[in-house]
$ cat protein.txt   # compact mmCIF, C-alpha atoms
# COMPACT_ATOMS: atom_id res chain seq x y z
CA MET A 1375 4.86 27.35 -28.24
CA ARG A 1376 7.29 26.99 -31.10
CA CYS A 1377 10.56 25.22 -30.30
CA ARG A 1378 13.79 25.06 -32.23
CA LEU A 1379 14.93 21.60 -31.08
CA LEU A 1380 12.41 18.81 -30.52
CA TYR A 1381 13.63 15.60 -28.87
CA LEU A 1382 11.82 12.28 -29.13
CA VAL A 1383 12.66 9.67 -26.50
CA GLY A 1384 11.22 6.26 -25.74
CA GLN A 1385 10.82 6.97 -22.02
CA LEU A 1386 12.26 9.19 -19.29
CA HIS A 1387 13.05 6.55 -16.69
CA THR A 1388 16.42 5.72 -15.11
CA GLY A 1389 18.49 4.62 -18.11
CA GLY A 1390 21.73 5.99 -19.43
CA LEU A 1391 20.31 7.57 -22.58
CA GLU A 1392 17.68 9.41 -20.54
CA ARG A 1393 20.44 10.74 -18.29
CA GLN A 1394 22.42 11.91 -21.30
CA LEU A 1395 19.38 13.72 -22.70
CA TYR A 1396 18.92 15.43 -19.33
CA TYR A 1397 22.58 16.46 -19.28
CA LEU A 1398 22.28 17.88 -22.79
CA LEU A 1399 19.16 19.87 -21.95
CA LYS A 1400 20.65 21.08 -18.67
CA SER A 1401 23.89 22.25 -20.27
CA MET A 1402 22.62 23.92 -23.45
CA ASP A 1403 21.38 27.51 -23.71
CA ARG A 1404 17.67 26.74 -23.39
CA THR A 1405 16.65 30.34 -24.03
CA GLU A 1406 18.48 30.25 -27.34
CA TYR A 1407 17.52 26.76 -28.52
CA LYS A 1408 14.03 26.42 -26.99
CA PRO A 1409 14.08 22.61 -26.59
CA ALA A 1410 11.03 20.42 -26.04
CA VAL A 1411 10.72 16.67 -25.40
CA ALA A 1412 8.14 14.19 -26.72
CA VAL A 1413 7.91 10.85 -24.88
CA TRP A 1414 6.83 7.76 -26.82
CA ASN A 1415 6.01 5.62 -23.75
CA TYR A 1416 5.14 8.16 -21.07
CA ALA A 1417 4.63 7.33 -17.38
CA ASP A 1418 3.97 9.94 -14.67
CA ASP A 1419 6.45 8.34 -12.28
CA ASP A 1420 9.38 8.13 -14.70
CA PHE A 1421 12.53 9.21 -12.91
CA HIS A 1422 13.67 12.00 -15.25
CA ILE A 1423 10.32 13.74 -15.73
CA PRO A 1424 10.60 16.06 -12.67
CA PRO A 1425 14.21 17.16 -13.38
CA VAL A 1426 13.47 17.84 -17.05
CA ARG A 1427 10.39 19.86 -16.12
CA ALA A 1428 12.45 21.73 -13.52
CA LEU A 1429 14.60 22.98 -16.41
CA GLY A 1430 11.52 24.62 -17.91
CA VAL A 1431 11.53 22.19 -20.85
CA PRO A 1432 8.02 21.25 -22.08
CA ILE A 1433 7.23 17.51 -22.13
CA TYR A 1434 4.64 16.12 -24.55
CA PRO A 1435 3.33 12.59 -23.78
CA LEU A 1436 2.31 10.37 -26.70
CA ASP A 1437 0.75 7.76 -24.42
CA GLY A 1438 -2.84 8.64 -25.32
CA HIS A 1439 -2.51 6.29 -28.27
CA THR A 1440 -2.20 2.54 -27.79
CA SER A 1441 -1.01 1.72 -31.31
CA ALA A 1442 2.32 2.60 -32.89
CA LEU A 1443 0.46 4.09 -35.86
CA GLY A 1444 -1.56 6.33 -33.53
CA LYS A 1445 1.61 7.56 -31.87
CA LEU A 1446 3.21 8.20 -35.27
CA ARG A 1447 0.29 10.36 -36.30
CA ALA A 1448 0.26 12.20 -32.97
CA PHE A 1449 3.97 12.90 -33.19
CA ARG A 1450 3.67 14.17 -36.74
CA ARG A 1451 0.86 16.52 -35.65
CA LEU A 1452 3.01 17.71 -32.74
CA THR A 1453 5.91 18.35 -35.10
CA GLN A 1454 3.69 20.39 -37.42
CA GLN A 1455 2.33 22.32 -34.45
CA LEU A 1456 5.70 23.16 -32.87
CA GLN A 1457 7.53 23.69 -36.19
CA PRO A 1458 10.99 22.79 -34.88
CA GLN A 1459 14.08 23.35 -36.95
CA LEU A 1460 15.40 19.93 -35.96
CA VAL A 1461 13.92 16.72 -34.53
CA HIS A 1462 16.36 14.44 -32.71
CA SER A 1463 15.27 10.90 -31.84
CA TYR A 1464 17.22 9.96 -28.72
CA SER A 1465 16.09 6.32 -28.68
CA PHE A 1466 17.00 3.97 -31.50
CA TYR A 1467 13.54 2.48 -32.01
CA THR A 1468 11.98 5.95 -32.43
CA ASN A 1469 14.40 6.93 -35.21
CA ILE A 1470 11.95 6.09 -37.99
CA ALA A 1471 9.25 8.13 -36.22
CA ALA A 1472 11.47 11.24 -36.32
CA ALA A 1473 12.18 10.67 -40.01
CA TRP A 1474 8.50 10.19 -40.87
CA ALA A 1475 7.29 13.15 -38.80
CA THR A 1476 9.61 15.57 -40.58
CA ARG A 1477 8.91 14.33 -44.10
CA GLY A 1478 7.61 17.17 -46.26
CA THR A 1479 8.57 19.80 -43.67
CA HIS A 1480 11.59 22.08 -43.35
CA ALA A 1481 12.74 20.31 -40.19
CA ILE A 1482 15.90 18.17 -40.14
CA ALA A 1483 15.67 14.70 -38.61
CA ILE A 1484 18.49 13.14 -36.60
CA GLY A 1485 18.58 9.62 -35.17
CA SER A 1486 20.57 7.93 -32.40
CA VAL A 1487 22.49 4.70 -31.85
CA ARG A 1488 23.45 4.35 -28.20
CA ASN A 1489 24.55 0.73 -28.05
CA ASP A 1490 26.12 -1.83 -30.37
CA PHE A 1491 24.66 -1.14 -33.83
CA ILE A 1492 23.84 -4.75 -34.76
CA TRP A 1493 22.41 -5.42 -31.31
CA GLU A 1494 20.16 -2.34 -31.56
CA LYS A 1495 18.78 -3.51 -34.92
CA GLU A 1496 18.03 -7.00 -33.66
CA ALA A 1497 16.56 -5.85 -30.34
CA ALA A 1498 14.08 -3.54 -32.07
CA GLY A 1499 12.63 -6.34 -34.21
CA TRP A 1500 12.99 -7.22 -37.90
CA TRP A 1501 11.12 -4.34 -39.55
CA LEU A 1502 11.46 -1.63 -36.91
CA GLY A 1503 15.14 -2.40 -36.43
CA ARG A 1504 15.95 -2.07 -40.12
CA LEU A 1505 13.84 1.02 -40.71
CA SER A 1506 15.26 2.78 -37.65
CA ALA A 1507 18.78 1.81 -38.73
CA ARG A 1508 18.32 3.45 -42.14
CA TRP A 1509 16.23 6.53 -41.40
CA PRO A 1510 16.99 9.32 -40.59
CA GLY A 1511 20.01 9.47 -42.86
CA THR A 1512 22.13 11.07 -40.13
CA GLN A 1513 22.36 9.24 -36.81
CA ILE A 1514 24.53 10.20 -33.86
CA PHE A 1515 26.47 7.31 -32.33
CA ASN A 1516 27.86 7.57 -28.80
CA SER A 1517 30.45 4.89 -29.52
CA SER A 1518 33.21 4.73 -32.13
CA SER A 1519 33.04 0.93 -32.13
CA ALA A 1520 29.30 0.99 -32.92
CA ALA A 1521 29.85 3.52 -35.74
CA GLU A 1522 32.58 1.31 -37.17
CA ARG A 1523 30.22 -1.68 -37.10
CA GLY A 1524 27.70 0.42 -39.00
CA ARG A 1525 30.25 1.46 -41.64
CA ARG A 1526 31.35 -2.14 -42.16
CA SER A 1527 27.80 -3.43 -42.53
CA ARG A 1528 26.91 -4.61 -46.03
CA SER A 1529 23.22 -4.11 -45.41
CA ILE A 1530 21.30 -1.30 -47.09
CA PHE A 1531 19.73 -0.60 -43.69
CA VAL A 1532 22.40 1.71 -42.35
CA PRO A 1533 22.43 5.52 -42.02
CA LYS A 1534 24.41 7.55 -44.56
CA HIS A 1535 26.17 9.67 -41.95
CA MET A 1536 27.37 8.44 -38.55
CA PRO A 1537 28.94 11.21 -36.45
CA VAL A 1538 30.20 10.13 -33.03
CA VAL A 1539 29.34 12.15 -29.91
CA ARG A 1540 30.54 10.45 -26.75
CA ASN A 1541 28.62 10.74 -23.49
CA GLY A 1542 29.23 13.50 -20.97
CA LEU A 1543 29.09 13.55 -17.19
CA ASP A 1544 28.38 15.94 -14.33
CA LEU A 1545 31.86 16.07 -12.80
CA VAL A 1546 30.61 18.11 -9.84
CA ARG A 1547 28.01 15.57 -8.78
CA PHE A 1548 30.39 12.69 -9.47
CA SER A 1549 33.37 14.01 -7.56
CA LYS A 1550 36.54 12.24 -6.46
CA SER A 1551 36.60 10.54 -3.06
CA PRO A 1552 39.43 8.54 -1.44
CA VAL A 1553 39.44 4.76 -1.38
CA ALA A 1554 39.16 3.43 2.18
CA ALA A 1555 42.53 2.15 3.37
CA ASP A 1556 41.03 -0.59 5.53
CA GLY A 1557 37.76 -2.38 6.22
CA PRO A 1558 36.01 -4.80 3.86
CA VAL A 1559 36.64 -4.69 0.12
CA ARG A 1560 33.46 -3.53 -1.59
CA ILE A 1561 32.82 -4.20 -5.28
CA LEU A 1562 30.06 -2.17 -6.93
CA GLY A 1563 28.15 -2.89 -10.12
CA VAL A 1564 25.70 -0.38 -11.58
CA GLY A 1565 23.24 -1.08 -14.40
CA TYR A 1566 19.94 -2.56 -15.47
CA LEU A 1567 19.37 -6.23 -14.63
CA LEU A 1568 19.09 -7.25 -18.28
CA PRO A 1569 20.65 -10.14 -20.23
CA ALA A 1570 23.11 -7.86 -22.07
CA LYS A 1571 24.64 -6.70 -18.77
CA ARG A 1572 25.73 -10.27 -17.88
CA TRP A 1573 25.64 -9.93 -14.11
CA ASP A 1574 25.64 -13.72 -14.07
CA LYS A 1575 29.33 -13.61 -15.03
CA LEU A 1576 30.11 -11.42 -12.03
CA LEU A 1577 28.33 -13.85 -9.70
CA VAL A 1578 30.38 -16.76 -11.07
CA ALA A 1579 33.56 -14.69 -10.60
CA ILE A 1580 32.63 -13.98 -6.98
CA ARG A 1581 32.22 -17.74 -6.42
CA GLU A 1582 35.74 -18.29 -7.78
CA LEU A 1583 37.16 -15.54 -5.60
CA LYS A 1584 35.47 -17.05 -2.57
CA ASP A 1585 37.04 -20.42 -3.40
CA ARG A 1586 40.43 -18.67 -3.38
CA GLY A 1587 39.75 -17.35 0.09
CA LEU A 1588 39.27 -13.77 -1.10
CA ARG A 1589 36.36 -12.15 0.69
CA CYS A 1590 34.51 -9.10 -0.59
CA ASP A 1591 31.10 -7.47 -0.36
CA VAL A 1592 29.35 -7.00 -3.69
CA ARG A 1593 26.54 -4.54 -4.34
CA ILE A 1594 24.63 -4.40 -7.61
CA ALA A 1595 22.50 -1.28 -8.12
CA GLY A 1596 19.77 -1.36 -10.75
CA ASP A 1597 16.28 -2.58 -11.55
CA GLY A 1598 15.31 -5.09 -14.18
CA PRO A 1599 13.46 -8.30 -15.05
CA LEU A 1600 16.35 -10.61 -14.11
CA ARG A 1601 16.46 -9.72 -10.43
CA THR A 1602 14.66 -12.84 -9.22
CA SER A 1603 16.75 -15.19 -11.38
CA LEU A 1604 20.01 -13.48 -10.40
CA GLU A 1605 19.12 -13.72 -6.71
CA GLN A 1606 18.40 -17.41 -7.24
CA GLN A 1607 21.73 -17.88 -9.00
CA ALA A 1608 23.52 -16.17 -6.10
CA ARG A 1609 21.93 -18.62 -3.68
CA GLU A 1610 22.81 -21.62 -5.85
CA LEU A 1611 26.43 -20.47 -6.15
CA GLY A 1612 26.67 -19.92 -2.40
CA VAL A 1613 27.44 -16.21 -2.66
CA ALA A 1614 24.14 -14.75 -1.45
CA ASP A 1615 25.83 -13.90 1.86
CA CYS A 1616 28.18 -11.44 0.13
CA VAL A 1617 26.06 -10.17 -2.81
CA THR A 1618 23.29 -7.60 -2.34
CA PHE A 1619 20.87 -6.48 -5.05
CA LEU A 1620 19.93 -2.90 -4.18
CA GLY A 1621 17.37 -2.14 -6.87
CA HIS A 1622 17.35 1.37 -8.31
CA VAL A 1623 19.51 3.80 -6.34
CA ALA A 1624 19.26 7.53 -7.09
CA ASP A 1625 22.37 8.49 -5.13
CA VAL A 1626 25.00 6.59 -7.11
CA PRO A 1627 27.84 8.94 -6.03
CA SER A 1628 27.38 7.83 -2.41
CA LEU A 1629 27.57 4.18 -3.46
CA LEU A 1630 30.77 4.88 -5.37
CA ALA A 1631 32.27 6.73 -2.42
CA ASP A 1632 31.74 3.59 -0.32
CA ALA A 1633 33.13 1.22 -2.98
CA THR A 1634 36.69 -0.03 -3.30
CA LEU A 1635 36.41 -0.82 -7.02
CA VAL A 1636 33.79 -1.24 -9.73
CA ALA A 1637 32.99 -4.23 -11.97
CA HIS A 1638 31.20 -4.02 -15.32
CA THR A 1639 30.54 -7.30 -17.13
CA ALA A 1640 28.33 -6.36 -20.11
CA ASP A 1641 28.36 -8.14 -23.47
CA ASN A 1642 26.90 -5.16 -25.36
CA GLU A 1643 27.62 -1.50 -24.69
CA GLY A 1644 28.04 1.89 -26.28
CA TYR A 1645 29.84 4.36 -24.04
CA PRO A 1646 28.62 3.26 -20.61
CA ASN A 1647 27.68 5.86 -18.02
CA ALA A 1648 28.44 3.44 -15.19
CA VAL A 1649 32.11 3.20 -16.15
CA MET A 1650 32.38 6.97 -16.62
CA GLU A 1651 30.80 7.62 -13.22
CA ALA A 1652 33.15 5.19 -11.51
CA MET A 1653 36.18 6.83 -13.09
CA ALA A 1654 34.98 10.33 -12.21
CA CYS A 1655 34.66 9.27 -8.56
CA GLY A 1656 38.20 7.94 -8.56
CA ARG A 1657 37.49 4.22 -8.71
CA ALA A 1658 39.43 1.55 -10.57
CA VAL A 1659 37.22 -0.44 -12.94
CA VAL A 1660 37.42 -4.03 -14.15
CA ALA A 1661 35.29 -4.27 -17.29
CA THR A 1662 34.71 -6.34 -20.39
CA ASP A 1663 35.80 -5.08 -23.81
CA ALA A 1664 32.25 -4.20 -24.95
CA GLY A 1665 31.64 -1.04 -26.98
CA ASP A 1666 34.07 1.79 -26.31
CA ILE A 1667 35.20 0.47 -22.92
CA PRO A 1668 38.74 -0.17 -24.28
CA PHE A 1669 38.86 3.54 -25.14
CA LEU A 1670 37.46 4.58 -21.77
CA ILE A 1671 39.76 2.46 -19.61
CA GLN A 1672 43.51 2.68 -20.05
CA GLU A 1673 44.64 -0.88 -19.47
CA GLY A 1674 46.72 -1.19 -16.33
CA ILE A 1675 46.49 2.56 -15.64
CA THR A 1676 42.87 3.39 -14.84
CA GLY A 1677 41.64 -0.19 -14.57
CA PHE A 1678 41.61 -3.51 -16.40
CA VAL A 1679 39.81 -4.59 -19.58
CA VAL A 1680 39.11 -8.29 -20.15
CA GLN A 1681 37.62 -10.06 -23.14
CA ARG A 1682 33.94 -10.88 -22.80
CA ASP A 1683 34.46 -14.64 -22.93
CA GLU A 1684 37.45 -14.77 -20.55
CA GLY A 1685 35.97 -15.62 -17.16
CA PRO A 1686 39.35 -16.59 -15.60
CA ALA A 1687 40.84 -13.24 -16.62
CA LEU A 1688 37.93 -11.43 -14.95
CA VAL A 1689 38.58 -13.34 -11.73
CA ASP A 1690 42.33 -12.67 -11.88
CA ARG A 1691 41.91 -8.93 -12.40
CA LEU A 1692 39.38 -8.64 -9.60
CA ALA A 1693 41.72 -10.60 -7.34
CA THR A 1694 44.59 -8.24 -8.19
CA LEU A 1695 42.63 -5.23 -6.99
CA ILE A 1696 41.05 -6.95 -4.00
CA THR A 1697 44.54 -7.67 -2.65
CA ASN A 1698 46.10 -4.29 -3.48
CA ARG A 1699 44.38 -1.20 -2.04
CA ALA A 1700 47.30 1.01 -3.11
CA LEU A 1701 46.76 0.00 -6.74
CA CYS A 1702 43.02 0.75 -6.39
CA GLN A 1703 43.94 4.22 -5.15
CA SER A 1704 46.51 4.99 -7.87
CA MET A 1705 44.25 3.71 -10.64
CA GLY A 1706 41.39 5.76 -9.22
CA GLU A 1707 43.47 8.91 -9.27
CA ALA A 1708 44.43 8.31 -12.91
CA ALA A 1709 40.79 7.58 -13.74
CA ARG A 1710 39.63 10.90 -12.27
CA ALA A 1711 42.29 12.77 -14.25
CA ARG A 1712 41.08 11.12 -17.47
CA ALA A 1713 37.47 11.93 -16.61
CA GLU A 1714 38.34 15.61 -16.23
CA GLN A 1715 39.94 15.56 -19.67
CA GLU A 1716 37.25 13.62 -21.54
CA PHE A 1717 33.83 13.76 -19.87
CA GLY A 1718 32.87 17.43 -19.61
CA LEU A 1719 29.31 18.48 -20.39
CA ASP A 1720 30.51 21.46 -22.44
CA ARG A 1721 32.02 18.98 -24.87
CA LEU A 1722 28.74 17.04 -25.04
CA VAL A 1723 26.81 20.16 -26.09
CA GLU A 1724 29.51 21.39 -28.47
CA LYS A 1725 29.83 18.06 -30.29
CA THR A 1726 26.06 17.55 -30.47
CA LEU A 1727 25.47 20.97 -32.00
CA ALA A 1728 28.35 20.33 -34.42
CA ALA A 1729 26.59 17.13 -35.55
CA TYR A 1730 23.39 19.12 -36.06
CA ARG A 1731 25.25 21.65 -38.21
CA PHE A 1732 26.83 18.82 -40.19
CA ALA A 1733 23.31 17.60 -41.01
CA GLY A 1734 22.40 21.05 -42.36
CA TRP A 1735 20.96 22.79 -39.31
CA GLN A 1736 21.36 26.56 -39.39
CA GLU A 1737 22.18 27.75 -35.89

$ encode --input "protein.txt" --output "structure tokens"
Amino acid sequence: MRCRLLYLVGQLHTGGLERQLYYLLKSMDRTEYKPAVAVWNYADDDFHIPPVRALGVPIYPLDGHTSALGKLRAFRRLTQQLQPQLVHSYSFYTNIAAAWATRGTHAIAIGSVRNDFIWEKEAAGWWLGRLSARWPGTQIFNSSSAAERGRRSRSIFVPKHMPVVRNGLDLVRFSKSPVAADGPVRILGVGYLLPAKRWDKLLVAIRELKDRGLRCDVRIAGDGPLRTSLEQQARELGVADCVTFLGHVADVPSLLADATLVAHTADNEGYPNAVMEAMACGRAVVATDAGDIPFLIQEGITGFVVQRDEGPALVDRLATLITNRALCQSMGEAARARAEQEFGLDRLVEKTLAAYRFAGWQE
């Protein structure tokens, strides 16, 4: 089957970029654009495989090859077989694969940067990070701050064109719900248990709040390699009685409906889904100034933004909301209004297709 748009993604598990790819596929005219998805590291039990297949979108695993070179060759053969008009790498570290697979063909290659640009380069490794930062020549950033970091870079390993397409959100699934007027204060955190998310800072803040006599229940939803060490830290800090690690939770809207406010303590971000989802559900957010969070959150209106290295400020802002349910409610209402203005999926499709046309794609 020939497709017009071929997407290459590292995996289809529970992450934010996978969710954004699903949203894009769900919201576009699939009859018109005939999308298909190739998965670099395929696993049968990946979370987003069933919903993507339910859309009627073909999925092509590249896991039959153990080496990166074998996968490169397989993806190039797939590209030649499907003859897409455009190949869009949705994961940073597969950018160079999209560029190489389309070389010598009529297809246009597009890359992605979905986190801090410098962090993405370093996380991918010396050679892969630099190659994937340079090729393809057009790469879609989901964060204005990351694109600005790319433009200011003096390295030759940067893309020539850096259009920004911010994330979208299903505003029906993530609908507004009222903040409970009484009962325990519940703080929710959502995200992978990875070093960049800095859940350790939230645990330290909860210790400080406890020392002030401010009680709250904290739930952290997400899988990751740091779970054991974070649980140990919670015990050492004496907050294990009020902090629960939930693991992966599919029904995030229900968690948000039960939360009083949301905390997000990452050091590196692009345009985080977790903050968008909280705002769409009418929850005030206390977050660090990573990525485009200062654009997402209107300081003092929809939540609070603190600098990444200001632990006392994080504690103070959390304390302000813990002791003021009315402020949680008013900030949540303002957050939902902003979500309705900024997060629609129609905008995600429109801006993505505009970036494709900018790169020379003929719709």

$ residues_around --input "protein.txt" --residues "region 1388-1392 of chain A" --least-positions-apart "6" --cutoff "8 Å" --atoms "all atoms listed in the file" --output "list in words"
Asp1420, Phe1421, His1422, Tyr1464, Ser1465, Arg1488, Tyr1566, Pro1646 and Asn1647 of chain A

$ closest_atom_pairs --input "protein.txt" --of "region 1499-1577 of chain A" --to "region 1717-1731 of chain A" --cutoff "6 Å" --atoms "only C-alpha atoms" --output "tab-separated table"
residue	atom	partner	partner_atom	distance
A:Val1539	CA	A:Lys1725	CA	5.9
A:Gly1542	CA	A:Phe1717	CA	4.7
A:Leu1543	CA	A:Phe1717	CA	5.4

$ write_last_selection --input "protein.txt" --atoms "C-alpha atoms" --output "tab-separated table (two decimals), in the frame of the given file"
chain	number	residue	atom	x	y	z
A	1539	VAL	CA	29.34	12.15	-29.91
A	1542	GLY	CA	29.23	13.50	-20.97
A	1543	LEU	CA	29.09	13.55	-17.19

$ residues_near_point --input "protein.txt" --point "(36.5, 2.1, -13.1)" --cutoff "6 Å" --atoms "all atoms listed in the file" --output "NGL selection string"
:A and (1636 or 1649 or 1652-1653 or 1657-1659 or 1677)

$ residues_around --input "protein.txt" --residues "Asp1591 (chain A)" --least-positions-apart "2" --cutoff "9 Å" --atoms "all atoms listed in the file" --output "VMD selection string"
chain A and resid 1558 to 1562 1589 1593 1615 to 1618

$ atom_distance --input "protein.txt" --atom1 "CA of Arg1451 (chain A)" --atom2 "CA of Met1402 (chain A)"
26.0 Å

$ decode --input "protein.txt" --residues "region 1491-1542 of chain A" --atoms "C-alpha atoms" --output "PDB file, in the first residue's frame"
ATOM      1  CA  PHE A1491      17.609  20.987  22.011  1.00  0.00           C
ATOM      2  CA  ILE A1492      20.989  20.692  23.759  1.00  0.00           C
ATOM      3  CA  TRP A1493      19.669  18.001  26.090  1.00  0.00           C
ATOM      4  CA  GLU A1494      18.352  15.981  23.126  1.00  0.00           C
ATOM      5  CA  LYS A1495      21.757  16.104  21.407  1.00  0.00           C
ATOM      6  CA  GLU A1496      23.619  14.983  24.505  1.00  0.00           C
ATOM      7  CA  ALA A1497      21.110  12.274  25.443  1.00  0.00           C
ATOM      8  CA  ALA A1498      21.358  10.655  22.005  1.00  0.00           C
ATOM      9  CA  GLY A1499      25.136  10.258  22.225  1.00  0.00           C
ATOM     10  CA  TRP A1500      28.032  12.095  20.562  1.00  0.00           C
ATOM     11  CA  TRP A1501      27.636  10.992  16.933  1.00  0.00           C
ATOM     12  CA  LEU A1502      23.935  10.183  16.803  1.00  0.00           C
ATOM     13  CA  GLY A1503      23.051  13.368  18.655  1.00  0.00           C
ATOM     14  CA  ARG A1504      24.954  15.588  16.248  1.00  0.00           C
ATOM     15  CA  LEU A1505      23.808  13.832  13.096  1.00  0.00           C
ATOM     16  CA  SER A1506      20.172  13.856  14.211  1.00  0.00           C
ATOM     17  CA  ALA A1507      20.476  17.528  15.151  1.00  0.00           C
ATOM     18  CA  ARG A1508      21.669  18.457  11.653  1.00  0.00           C
ATOM     19  CA  TRP A1509      19.664  16.184   9.374  1.00  0.00           C
ATOM     20  CA  PRO A1510      16.949  16.484   8.116  1.00  0.00           C
ATOM     21  CA  GLY A1511      17.397  20.162   7.357  1.00  0.00           C
ATOM     22  CA  THR A1512      13.876  20.955   8.555  1.00  0.00           C
ATOM     23  CA  GLN A1513      12.944  19.860  12.066  1.00  0.00           C
ATOM     24  CA  ILE A1514       9.706  20.633  13.885  1.00  0.00           C
ATOM     25  CA  PHE A1515      10.164  21.851  17.463  1.00  0.00           C
ATOM     26  CA  ASN A1516       7.285  21.689  19.935  1.00  0.00           C
ATOM     27  CA  SER A1517       8.846  24.396  22.079  1.00  0.00           C
ATOM     28  CA  SER A1518       9.809  27.985  21.249  1.00  0.00           C
ATOM     29  CA  SER A1519      12.522  27.906  23.910  1.00  0.00           C
ATOM     30  CA  ALA A1520      14.122  24.810  22.339  1.00  0.00           C
ATOM     31  CA  ALA A1521      13.998  26.399  18.867  1.00  0.00           C
ATOM     32  CA  GLU A1522      15.645  29.528  20.245  1.00  0.00           C
ATOM     33  CA  ARG A1523      18.410  27.403  21.784  1.00  0.00           C
ATOM     34  CA  GLY A1524      18.934  25.824  18.376  1.00  0.00           C
ATOM     35  CA  ARG A1525      19.133  29.198  16.620  1.00  0.00           C
ATOM     36  CA  ARG A1526      21.662  30.496  19.137  1.00  0.00           C
ATOM     37  CA  SER A1527      23.877  27.434  18.861  1.00  0.00           C
ATOM     38  CA  ARG A1528      27.232  28.063  17.195  1.00  0.00           C
ATOM     39  CA  SER A1529      27.596  24.423  16.239  1.00  0.00           C
ATOM     40  CA  ILE A1530      27.286  23.291  12.630  1.00  0.00           C
ATOM     41  CA  PHE A1531      25.083  20.462  13.911  1.00  0.00           C
ATOM     42  CA  VAL A1532      21.787  22.313  13.851  1.00  0.00           C
ATOM     43  CA  PRO A1533      18.892  22.118  11.367  1.00  0.00           C
ATOM     44  CA  LYS A1534      18.508  24.910   8.804  1.00  0.00           C
ATOM     45  CA  HIS A1535      14.803  25.415   9.464  1.00  0.00           C
ATOM     46  CA  MET A1536      13.114  25.165  12.865  1.00  0.00           C
ATOM     47  CA  PRO A1537       9.335  25.688  12.679  1.00  0.00           C
ATOM     48  CA  VAL A1538       7.505  25.482  16.007  1.00  0.00           C
ATOM     49  CA  VAL A1539       4.335  23.387  16.356  1.00  0.00           C
ATOM     50  CA  ARG A1540       3.131  23.242  19.943  1.00  0.00           C
ATOM     51  CA  ASN A1541       1.407  20.155  21.327  1.00  0.00           C
ATOM     52  CA  GLY A1542      -2.341  19.631  21.156  1.00  0.00           C
TER      53      GLY A1542
END
